[in-house]
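Participant: Take this structure, written in C-alpha cells, and hold onto it; I'll ask about it next.
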Amino acid sequence: MTRPVPWLLLALLLAAAASLAAGKVWIPLDAWSAADPRSIIILELRLPRTVLALAVGAGLGCAGAAMQGYLRNPLADPGLFGVSSGAALGAVCALFFGYAAQAWLLPGFALAGAGATMALLALIAGRSGSLILFALAGMVLTSLAGALTALAISLAPTPFAASQIVIWLMGALTDRSWDDVLLALPLIALGIAVLARTGGALDALTLGEPAARSLGVDPRRLQRTIVLGVALTVGASVATAGVIGFVGLMVPHLVRPLARHRPGATLLPSALAGALLVTVADTLVRLVPSASELRLGIAMALLGAPFFLYLLLAMRRRLA
C-alpha cells in the first residue's frame, strides 16, 4: 500500500460525511437516526448520491491513471479512447427515441454504446498492439460519436427531447437513486479490479516496449485488459452520471509525485483521489446559491480546463 493511501481514506470519510450533511437543507449528525424524520433524506437521497459520487470518481480516476501509464502520455484522458463518447451516444439515442421512460433503459443504452465502442476500437486497432494506431483509433471514434450526438440534438423530435439530451450531457448526480448505485457500483468495482492487474506491466512499459516484452509483457493482452477496464469504469460512470470530464486527467497528476512517479503505484491513489475530488465537487455544487443546482459536469470543466492549460504551459517551459 502506497504512503498517501491512509490520508486519502481519511479525507474520503470526512468528504462523505460532509456530502451527507450538506445541501439546501443542512442535516446535523444528531438527526441521522431512524427516529428523526429527516433521516429519510439521508437514506433515500443523499446516501445513494454520495456512494455514486465515490464510485464514479474512483472509476474515472483509476481509468485516467491507467491510460496515462499505458500511453505514456501525461495528457491522456479516458475520453481519448472514445468510450465516454460512445456511452454518451448510447444514452442520447435512448433520449432521442423516447426509450428513457423506464429507469434501466437509459443506462442500458449507455453501456451498450460503451461496449460497441470497445468492440470497434479493438477491430480498428487490430492485433498489432501499436500505441499510435490505438490512440488514433480512439480519436476517430470520439469524433464520430461526437458528430452523431450533435446530429441527434439537431434532429430531436421535440424541443423537450433536445433539452433533455443537452441537460444529460452536462453530467450530474442529481436525483440519483439506489437503482443507479446497484447498476454502477459492481461494474466500476470490476473495472478497477481489471485495471489494478496491469500495474506491473505499466511499470515495465516505462523502460520501453522492447524491454517490457523481454520482461514478459504481452502488448496485445495488456491492450485488451486496459480497454476492458476503461470500458467498464467509464461506461458505467457515464451511464449513471452523464459526461463528467477532466477527472481522469487531473487526478493522476496530483497523486503521481506521492507514488514516486510509478504508473502501477499510481492506480489505487488515483482511484481514491478521484472519489475524493468528485465527492467534494458534488457537495460544493449543492451549496452554490442559485435557483437550480449547478451541473457537476460544468463545475468539473471549469476546474479542469485551467488545469489542462497549466499542464500545457508547464510542458512548453520544459521543452523550451
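Residue numbering restarts at 1 for every chain of the C-alpha cells, chains are lettered A, B, ... in their displayed order, and ligands are numbered from 1 as they appear.
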For range 186-189 of chain A, work out the shell of residues within 8 Å, counting only C-alpha atoms and skipping chain neighbours fewer than 6 positions away, then give it as an NGL selection string.
Facilitator: :A and (55-56 or 59 or 232-234 or 236-237)
Participant: Would you mind listing what lies within 10 Å of Ser270 in chain A as a CSV table (one decimal) with N, CA, C and O atoms, in the first residue's frame, with only C-alpha atoms counted and same-chain residues fewer than 4 positions away left out?
Facilitator:
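Result file follows (result_14.csv):
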chain,number,residue,atom,x,y,z
A,5,VAL,N,-2.2,6.6,0.7
A,5,VAL,CA,-3.5,5.9,0.8
A,5,VAL,C,-4.2,6.2,2.1
A,5,VAL,O,-5.4,6.5,2.1
A,8,LEU,N,-5.6,9.6,2.2
A,8,LEU,CA,-6.8,9.7,1.2
A,8,LEU,C,-8.0,9.1,1.8
A,8,LEU,O,-9.1,9.6,1.6
A,57,GLY,N,-16.1,8.8,-9.2
A,57,GLY,CA,-14.8,9.4,-9.1
A,57,GLY,C,-13.7,8.4,-9.1
A,57,GLY,O,-12.6,8.6,-9.7
A,58,ALA,N,-13.9,7.3,-8.3
A,58,ALA,CA,-12.9,6.2,-8.3
A,58,ALA,C,-12.6,5.6,-9.6
A,58,ALA,O,-11.5,5.4,-10.1
A,59,GLY,N,-13.7,5.3,-10.4
A,59,GLY,CA,-13.6,4.7,-11.7
A,59,GLY,C,-12.9,5.6,-12.7
A,59,GLY,O,-12.0,5.2,-13.4
A,60,LEU,N,-13.3,6.9,-12.7
A,60,LEU,CA,-12.6,7.8,-13.7
A,60,LEU,C,-11.2,8.1,-13.3
A,60,LEU,O,-10.3,8.2,-14.2
A,61,GLY,N,-10.9,8.2,-12.0
A,61,GLY,CA,-9.5,8.5,-11.6
A,61,GLY,C,-8.6,7.3,-11.9
A,61,GLY,O,-7.5,7.5,-12.5
A,62,CYS,N,-9.0,6.1,-11.7
A,62,CYS,CA,-8.2,4.9,-12.0
A,62,CYS,C,-8.1,4.7,-13.5
A,62,CYS,O,-7.0,4.4,-13.9
A,63,ALA,N,-9.1,5.0,-14.2
A,63,ALA,CA,-9.1,4.8,-15.7
A,63,ALA,C,-8.1,5.9,-16.3
A,63,ALA,O,-7.3,5.5,-17.2
A,64,GLY,N,-8.1,7.1,-15.7
A,64,GLY,CA,-7.1,8.1,-16.2
A,64,GLY,C,-5.7,7.7,-15.9
A,64,GLY,O,-4.8,7.9,-16.8
A,65,ALA,N,-5.4,7.2,-14.7
A,65,ALA,CA,-4.1,6.8,-14.4
A,65,ALA,C,-3.6,5.6,-15.3
A,65,ALA,O,-2.4,5.6,-15.7
A,66,ALA,N,-4.5,4.7,-15.5
A,66,ALA,CA,-4.1,3.5,-16.4
A,66,ALA,C,-3.8,4.0,-17.8
A,66,ALA,O,-2.9,3.5,-18.4
A,247,VAL,N,-11.7,14.5,-14.7
A,247,VAL,CA,-11.3,13.8,-13.5
A,247,VAL,C,-10.1,12.9,-13.8
A,247,VAL,O,-9.1,12.9,-13.1
A,248,GLY,N,-10.2,12.1,-14.9
A,248,GLY,CA,-9.1,11.2,-15.2
A,248,GLY,C,-7.8,11.9,-15.7
A,248,GLY,O,-6.7,11.3,-15.7
A,250,MET,N,-6.8,15.1,-14.3
A,250,MET,CA,-6.3,15.9,-13.2
A,250,MET,C,-5.7,15.0,-12.1
A,250,MET,O,-4.6,15.2,-11.6
A,251,VAL,N,-6.5,14.0,-11.7
A,251,VAL,CA,-6.2,13.2,-10.5
A,251,VAL,C,-4.8,12.5,-10.6
A,251,VAL,O,-4.0,12.6,-9.7
A,252,PRO,N,-4.4,11.8,-11.7
A,252,PRO,CA,-3.1,11.2,-11.7
A,252,PRO,C,-2.0,12.2,-11.6
A,252,PRO,O,-0.9,11.9,-10.9
A,253,HIS,N,-2.1,13.4,-12.1
A,253,HIS,CA,-1.1,14.4,-11.9
A,253,HIS,C,-0.9,14.8,-10.4
A,253,HIS,O,0.2,15.1,-10.0
A,254,LEU,N,-2.0,14.8,-9.7
A,254,LEU,CA,-2.0,15.3,-8.3
A,254,LEU,C,-1.3,14.2,-7.4
A,254,LEU,O,-0.7,14.6,-6.4
A,255,VAL,N,-1.5,12.9,-7.7
A,255,VAL,CA,-1.0,11.9,-6.9
A,255,VAL,C,0.3,11.2,-7.4
A,255,VAL,O,1.0,10.5,-6.6
A,256,ARG,N,0.7,11.5,-8.6
A,256,ARG,CA,1.9,10.9,-9.1
A,256,ARG,C,3.1,11.2,-8.3
A,256,ARG,O,3.9,10.2,-8.1
A,259,ALA,N,3.4,8.9,-5.4
A,259,ALA,CA,3.6,7.5,-5.8
A,259,ALA,C,5.0,7.3,-6.4
A,259,ALA,O,5.2,6.3,-7.1
A,265,ALA,N,2.0,2.2,-9.2
A,265,ALA,CA,1.7,2.6,-7.9
A,265,ALA,C,0.7,3.8,-7.8
A,265,ALA,O,0.2,4.2,-6.8
A,266,THR,N,0.4,4.4,-9.0
A,266,THR,CA,-0.5,5.5,-9.1
A,266,THR,C,-1.9,5.1,-9.2
A,266,THR,O,-2.9,5.9,-8.9
A,274,GLY,N,-9.7,10.4,-7.0
A,274,GLY,CA,-10.8,10.7,-7.9
A,274,GLY,C,-12.1,10.7,-7.2
A,274,GLY,O,-13.0,11.5,-7.4
A,275,ALA,N,-12.3,9.7,-6.3
A,275,ALA,CA,-13.5,9.6,-5.5
A,275,ALA,C,-13.6,10.9,-4.6
A,275,ALA,O,-14.7,11.4,-4.4
A,276,LEU,N,-12.5,11.3,-4.0
A,276,LEU,CA,-12.5,12.5,-3.2
A,276,LEU,C,-12.8,13.7,-4.0
A,276,LEU,O,-13.7,14.5,-3.5
Participant: Can you write out as CSV which residues of range 170-219 of chain A fall within 12 Å of range 28-49 of chain A, alongside each residue's closest atom pair and its distance in Å to one decimal, counting only C-alpha atoms and ordering rows by chain and ascending residue number?
Facilitator:
residue,atom,partner,partner_atom,distance
A:Ala172,CA,A:Arg49,CA,10.0
A:Leu173,CA,A:Arg49,CA,6.2
A:Thr174,CA,A:Arg49,CA,7.4
A:Asp175,CA,A:Leu45,CA,7.1
A:Arg176,CA,A:Arg49,CA,5.9
A:Ser177,CA,A:Pro48,CA,5.7
A:Trp178,CA,A:Pro48,CA,5.5
A:Asp179,CA,A:Pro48,CA,8.8
A:Asp180,CA,A:Pro48,CA,8.1
A:Val181,CA,A:Pro48,CA,6.4
A:Leu182,CA,A:Pro48,CA,9.5
A:Leu183,CA,A:Pro48,CA,11.7
A:Ala184,CA,A:Pro48,CA,11.2
A:Leu185,CA,A:Pro48,CA,10.7
Participant: Do you know which residues are at most 8 Å from Pro107 in chain A counting only C-alpha atoms, after dropping those on the same chain fewer than 4 positions away, and could you put them as a list of chain:residue names?
Facilitator: A:Ala91, A:Ala103, A:Leu111, A:Ala236, A:Ala239, A:Thr240
Participant: Dump as JSON lines the rows for residues of range 186-299 of chain A within 7 Å of range 128-144 of chain A: closest atom pair and distance in Å with one decimal, only C-alpha atoms counted, ordered by chain and rising residue number.
Facilitator:
{"residue": "A:Pro219", "atom": "CA", "partner": "A:Gly129", "partner_atom": "CA", "distance": 5.6}
{"residue": "A:Arg220", "atom": "CA", "partner": "A:Gly129", "partner_atom": "CA", "distance": 5.0}
{"residue": "A:Gln223", "atom": "CA", "partner": "A:Gly129", "partner_atom": "CA", "distance": 6.7}
Participant: Between A:Gly242, A:Gly90, A:Gly98, A:Gly191, which is the closest to Leu296 in chain A once you count only C-alpha atoms?
Facilitator: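 Among the listed residues, A:Gly242 lies closest to Leu296 in chain A.
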